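The data block below is query26.tsv; it holds TSV, C-alpha atoms.
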```tsv
chain	number	residue	atom	x	y	z
P	1	MET	CA	-22.39	17.95	-38.16
P	2	LEU	CA	-22.66	17.12	-41.85
P	3	PRO	CA	-19.98	14.98	-43.53
P	4	ASP	CA	-17.16	16.78	-45.28
P	5	ILE	CA	-16.44	15.17	-48.65
P	6	LYS	CA	-13.06	16.24	-49.97
P	7	THR	CA	-12.01	13.25	-52.08
P	8	ILE	CA	-14.10	10.89	-54.21
P	9	LEU	CA	-12.91	7.64	-55.71
P	10	TYR	CA	-14.81	6.87	-58.91
P	11	ALA	CA	-14.32	3.26	-60.01
P	12	THR	CA	-15.18	2.44	-63.62
P	13	ASP	CA	-15.29	-0.73	-65.67
P	14	LEU	CA	-15.05	1.34	-68.90
P	15	SER	CA	-18.34	-0.03	-70.17
P	16	GLY	CA	-20.35	2.13	-72.51
P	17	ASN	CA	-22.80	2.96	-69.72
P	18	ALA	CA	-20.16	3.81	-67.11
P	19	ALA	CA	-20.50	7.53	-67.89
P	20	TYR	CA	-23.85	7.45	-66.11
P	21	ALA	CA	-22.14	6.75	-62.76
P	22	ALA	CA	-19.42	9.30	-63.62
P	23	ARG	CA	-22.13	11.97	-63.72
P	24	TYR	CA	-22.86	11.29	-60.05
P	25	ALA	CA	-19.18	11.54	-59.11
P	26	VAL	CA	-18.81	14.84	-60.98
P	27	TYR	CA	-22.07	16.21	-59.57
P	28	LEU	CA	-21.02	15.41	-56.01
P	29	ALA	CA	-17.57	16.89	-56.60
P	30	ALA	CA	-19.13	20.07	-57.97
P	31	LYS	CA	-21.43	20.38	-54.94
P	32	THR	CA	-18.75	19.64	-52.35
P	33	GLY	CA	-15.60	20.95	-54.02
P	34	ALA	CA	-14.10	17.46	-53.77
P	35	LYS	CA	-11.41	16.13	-56.05
P	36	ILE	CA	-11.99	12.89	-57.95
P	37	HIS	CA	-9.58	10.00	-58.40
P	38	VAL	CA	-10.64	7.72	-61.25
P	39	LEU	CA	-9.76	4.02	-61.15
P	40	HIS	CA	-10.10	1.26	-63.73
P	41	VAL	CA	-8.99	-2.22	-62.76
P	42	ALA	CA	-8.09	-4.67	-65.52
P	43	GLU	CA	-8.83	-7.97	-63.87
P	44	ARG	CA	-6.09	-10.55	-63.83
P	45	LEU	CA	-6.63	-13.32	-66.31
P	46	PRO	CA	-7.79	-16.62	-64.80
P	47	PRO	CA	-5.05	-19.27	-64.46
P	48	ASP	CA	-6.29	-21.41	-67.37
P	49	ALA	CA	-6.43	-18.38	-69.68
P	50	MET	CA	-2.97	-17.34	-68.49
P	51	ASP	CA	-1.61	-20.84	-69.24
P	52	THR	CA	-3.01	-20.68	-72.78
P	53	LEU	CA	-1.65	-17.17	-73.24
P	54	GLU	CA	1.79	-18.15	-71.97
P	55	ASP	CA	1.90	-21.10	-74.38
P	56	TYR	CA	1.03	-18.78	-77.25
P	57	LEU	CA	3.46	-16.06	-76.17
P	58	ASP	CA	6.29	-18.54	-75.64
P	59	LYS	CA	5.98	-19.37	-79.32
P	60	ASN	CA	4.97	-15.98	-80.71
P	61	GLY	CA	5.86	-13.11	-78.45
P	62	ASN	CA	6.72	-11.61	-75.11
P	63	ARG	CA	4.42	-12.08	-72.11
P	64	GLU	CA	5.55	-8.92	-70.31
P	65	GLN	CA	5.08	-6.85	-73.46
P	66	PHE	CA	1.57	-8.23	-73.91
P	67	LEU	CA	0.57	-7.42	-70.33
P	68	LYS	CA	2.13	-3.95	-70.58
P	69	SER	CA	0.28	-3.23	-73.83
P	70	ARG	CA	-2.96	-4.48	-72.24
P	71	LEU	CA	-2.64	-1.85	-69.50
P	72	GLU	CA	-1.57	0.84	-71.97
P	73	ASN	CA	-4.64	0.11	-74.09
P	74	SER	CA	-6.84	0.37	-70.99
P	75	LYS	CA	-5.25	3.74	-70.12
P	76	LYS	CA	-5.91	5.03	-73.65
P	77	LEU	CA	-9.50	3.81	-73.49
P	78	LEU	CA	-10.00	5.47	-70.08
P	79	LYS	CA	-8.68	8.79	-71.41
P	80	THR	CA	-10.84	8.52	-74.54
P	81	ARG	CA	-13.96	7.67	-72.53
P	82	PHE	CA	-13.38	10.63	-70.22
P	83	GLU	CA	-12.83	13.00	-73.14
P	84	ASN	CA	-16.10	11.76	-74.63
P	85	PHE	CA	-17.75	12.23	-71.24
P	86	TRP	CA	-16.60	15.87	-70.98
P	87	ASN	CA	-17.67	16.52	-74.55
P	88	SER	CA	-21.15	15.13	-73.77
P	89	LEU	CA	-21.70	17.76	-71.07
P	90	ASP	CA	-23.08	21.21	-71.67
P	91	GLU	CA	-20.31	23.68	-72.43
P	92	ASN	CA	-20.94	25.51	-69.14
P	93	GLU	CA	-20.32	22.23	-67.23
P	94	ARG	CA	-17.01	21.26	-68.84
P	95	HIS	CA	-15.03	23.32	-66.35
P	96	LEU	CA	-15.86	20.59	-63.81
P	97	LYS	CA	-13.01	18.61	-65.37
P	98	LYS	CA	-10.76	20.46	-62.93
P	99	HIS	CA	-12.10	18.21	-60.15
P	100	VAL	CA	-10.36	15.14	-61.61
P	101	ALA	CA	-7.09	14.80	-59.73
P	102	SER	CA	-5.83	11.53	-61.22
P	103	LEU	CA	-6.53	8.57	-63.49
P	104	HIS	CA	-5.35	5.12	-62.41
P	105	VAL	CA	-5.27	1.84	-64.35
P	106	VAL	CA	-4.02	-1.29	-62.63
P	107	GLU	CA	-4.12	-5.02	-63.19
P	108	SER	CA	-5.33	-6.64	-60.02
P	109	SER	CA	-8.41	-7.69	-58.11
P	110	PRO	CA	-11.08	-4.96	-58.50
P	111	ALA	CA	-12.49	-4.79	-54.97
P	112	GLU	CA	-9.09	-4.91	-53.30
P	113	SER	CA	-7.69	-2.27	-55.67
P	114	ILE	CA	-10.62	0.05	-54.97
P	115	ILE	CA	-10.11	-0.24	-51.20
P	116	GLU	CA	-6.34	0.20	-51.58
P	117	LEU	CA	-6.76	3.43	-53.56
P	118	VAL	CA	-9.35	4.70	-51.07
P	119	GLU	CA	-6.75	4.33	-48.34
P	120	LYS	CA	-3.94	5.80	-50.45
P	121	THR	CA	-5.93	8.88	-51.51
P	122	GLY	CA	-7.87	9.35	-48.28
P	123	ALA	CA	-11.14	9.18	-50.21
P	124	ASP	CA	-14.26	10.07	-48.25
P	125	LEU	CA	-16.67	8.46	-50.74
P	126	ILE	CA	-16.64	5.73	-53.38
P	127	VAL	CA	-18.83	6.06	-56.48
P	128	MET	CA	-19.21	3.09	-58.77
P	129	GLY	CA	-21.75	1.69	-61.18
P	130	THR	CA	-23.40	-1.66	-61.34
P	131	HIS	CA	-25.10	-3.35	-64.24
P	132	GLN	CA	-28.61	-4.51	-64.88
P	133	LYS	CA	-29.39	-8.08	-63.99
P	134	GLY	CA	-28.23	-10.50	-66.62
P	135	PRO	CA	-25.59	-13.16	-67.28
P	136	VAL	CA	-22.74	-10.90	-66.18
P	137	GLN	CA	-24.52	-9.78	-62.98
P	138	ALA	CA	-23.03	-12.55	-60.87
P	139	LEU	CA	-19.46	-11.34	-61.47
P	140	LEU	CA	-20.01	-7.57	-61.50
P	141	GLY	CA	-22.54	-7.67	-58.69
P	142	SER	CA	-20.02	-9.55	-56.59
P	143	ILE	CA	-17.49	-6.71	-57.02
P	144	SER	CA	-20.01	-4.16	-55.75
P	145	ARG	CA	-20.90	-6.41	-52.82
P	146	ARG	CA	-17.26	-6.96	-51.93
P	147	VAL	CA	-16.53	-3.23	-52.01
P	148	LEU	CA	-19.58	-2.55	-49.83
P	149	ASN	CA	-18.42	-5.19	-47.33
P	150	MET	CA	-14.80	-4.01	-47.27
P	151	ALA	CA	-15.20	-0.24	-47.44
P	152	LYS	CA	-14.81	1.94	-44.38
P	153	VAL	CA	-16.23	4.95	-46.22
P	154	PRO	CA	-19.70	5.47	-47.71
P	155	THR	CA	-20.18	3.90	-51.12
P	156	LEU	CA	-22.65	5.03	-53.75
P	157	VAL	CA	-23.52	2.19	-56.13
P	158	VAL	CA	-25.31	3.65	-59.14
P	159	PRO	CA	-27.56	1.28	-61.07
P	160	ILE	CA	-26.81	1.70	-64.74
P	161	GLY	CA	-29.60	1.30	-67.22
P	162	ASP	CA	-30.72	2.80	-70.48
P	163	ARG	CA	-30.54	6.44	-69.46
```
Take the structure in the file and give it back as structure tokens.
Amino acid sequence: MLPDIKTILYATDLSGNAAYAARYAVYLAAKTGAKIHVLHVAERLPPDAMDTLEDYLDKNGNREQFLKSRLENSKKLLKTRFENFWNSLDENERHLKKHVASLHVVESSPAESIIELVEKTGADLIVMGTHQKGPVQALLGSISRRVLNMAKVPTLVVPIGDR
């Protein structure tokens, strides 16, 4: 019996090339009738950066307000990127927007947040992009590897290049 894909979790880092992986999520949703849950994880700041930020905010502002505005800005960027994505499709493909069930932005650990939302939504498939090899590969590649090691559902890791 063939697998029944009803729910896809598409994880995005909001990079300029992330729309390439989104195309795979939308294509698979169109072919299977699945709904898509979109997730962006704003990584927690490292402790030394947080210490510096707290020193600055103690003197100049409110820490909670800064963190809240950071997530709000990520939500706005996610919505803008998705609107641009839909506008980049042929007009006869834009109806596929109906497959997107939700947009999520959280501040946490990326791999753990992806797995948590898979469990919460009952996702049957994870779609995420990875980057070309380069200085950032060590960090972003490690997220893909961690998701692959932790996931109990199939995971499609889309290499993102100049497409």
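Atom pair CA of Asp124 in chain P / CA of His37 in chain P: separated by 11.2 Å.
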Range 65-80 of chain P: axis-aligned bounding box, 4 Å on each side, centre and edge lengths in Å, one decimal, as JSON:
```
{"center_x": -2.9, "center_y": 0.3, "center_z": -72.0, "size_x": 23.9, "size_y": 25.0, "size_z": 13.0}
```
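Of the listed residues P:Leu71, P:Ala42, P:Ala123, P:Ile143, the one whose atoms come nearest to Lys6 in chain P is P:Ala123, with distances taken using all atoms listed in the file.
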Distance query range 73-78 of chain P at most 12 Å, all atoms listed in the file, self and fewer than 4 positions along chain excluded, as a PyMOL selection string: chain P and resi 11-16+18-19+38-43+65-69+82-85+102-107
Export of the given selection (C-alpha atoms) as a CSV table (one decimal), in the frame of the given file:
```
chain,number,residue,atom,x,y,z
P,11,ALA,CA,-14.3,3.3,-60.0
P,12,THR,CA,-15.2,2.4,-63.6
P,13,ASP,CA,-15.3,-0.7,-65.7
P,14,LEU,CA,-15.0,1.3,-68.9
P,15,SER,CA,-18.3,0.0,-70.2
P,16,GLY,CA,-20.4,2.1,-72.5
P,18,ALA,CA,-20.2,3.8,-67.1
P,19,ALA,CA,-20.5,7.5,-67.9
P,38,VAL,CA,-10.6,7.7,-61.2
P,39,LEU,CA,-9.8,4.0,-61.2
P,40,HIS,CA,-10.1,1.3,-63.7
P,41,VAL,CA,-9.0,-2.2,-62.8
P,42,ALA,CA,-8.1,-4.7,-65.5
P,43,GLU,CA,-8.8,-8.0,-63.9
P,65,GLN,CA,5.1,-6.8,-73.5
P,66,PHE,CA,1.6,-8.2,-73.9
P,67,LEU,CA,0.6,-7.4,-70.3
P,68,LYS,CA,2.1,-4.0,-70.6
P,69,SER,CA,0.3,-3.2,-73.8
P,82,PHE,CA,-13.4,10.6,-70.2
P,83,GLU,CA,-12.8,13.0,-73.1
P,84,ASN,CA,-16.1,11.8,-74.6
P,85,PHE,CA,-17.8,12.2,-71.2
P,102,SER,CA,-5.8,11.5,-61.2
P,103,LEU,CA,-6.5,8.6,-63.5
P,104,HIS,CA,-5.4,5.1,-62.4
P,105,VAL,CA,-5.3,1.8,-64.4
P,106,VAL,CA,-4.0,-1.3,-62.6
P,107,GLU,CA,-4.1,-5.0,-63.2
```
For Thr7 in chain P: contacts at 12 Å, all atoms listed in the file, fewer than 2 positions along chain excluded, given as a PyMOL selection string: chain P and resi 3-5+9-10+25-26+28-30+32-38+99-102+117-127+153-154
Which residues come within 12 Å of Leu148 in chain P, counting all atoms listed in the file, excluding same-chain residues fewer than 6 positions away, as a PDB file with C-alpha atoms, keeping the file's coordinate frame?
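Full text of selection-v1.pdb as output:
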```pdb
ATOM      1  CA  ALA P 111     -12.490  -4.790 -54.970  1.00  0.00           C
ATOM      2  CA  GLU P 112      -9.090  -4.910 -53.300  1.00  0.00           C
ATOM      3  CA  ILE P 114     -10.620   0.050 -54.970  1.00  0.00           C
ATOM      4  CA  ILE P 115     -10.110  -0.240 -51.200  1.00  0.00           C
ATOM      5  CA  LEU P 125     -16.670   8.460 -50.740  1.00  0.00           C
ATOM      6  CA  ILE P 126     -16.640   5.730 -53.380  1.00  0.00           C
ATOM      7  CA  VAL P 127     -18.830   6.060 -56.480  1.00  0.00           C
ATOM      8  CA  MET P 128     -19.210   3.090 -58.770  1.00  0.00           C
ATOM      9  CA  GLY P 141     -22.540  -7.670 -58.690  1.00  0.00           C
ATOM     10  CA  SER P 142     -20.020  -9.550 -56.590  1.00  0.00           C
ATOM     11  CA  PRO P 154     -19.700   5.470 -47.710  1.00  0.00           C
ATOM     12  CA  THR P 155     -20.180   3.900 -51.120  1.00  0.00           C
ATOM     13  CA  LEU P 156     -22.650   5.030 -53.750  1.00  0.00           C
ATOM     14  CA  VAL P 157     -23.520   2.190 -56.130  1.00  0.00           C
TER      15      VAL P 157
END
```
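The gap separating CA of Ser144 in chain P from CA of Ile8 in chain P is 16.2 Å, in Å to one decimal.
Between CA of Leu2 in chain P and CA of Tyr24 in chain P the separation is 19.1 Å.
Checking P:Trp86, P:Arg81, P:Ala151, P:Glu72 one by one against Lys98 in chain P, counting only C-alpha atoms, you find the shortest gap at P:Trp86.
With distances taken over all atoms listed in the file, P:Val147 is the one residue among P:Val147, P:Arg23, P:Pro159, P:Thr130 lying closest to Pro110 in chain P.
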In terms of all atoms listed in the file, the residue from P:Lys31, P:Lys79, P:His95, P:Lys152 at minimal distance from Glu116 in chain P is P:Lys152
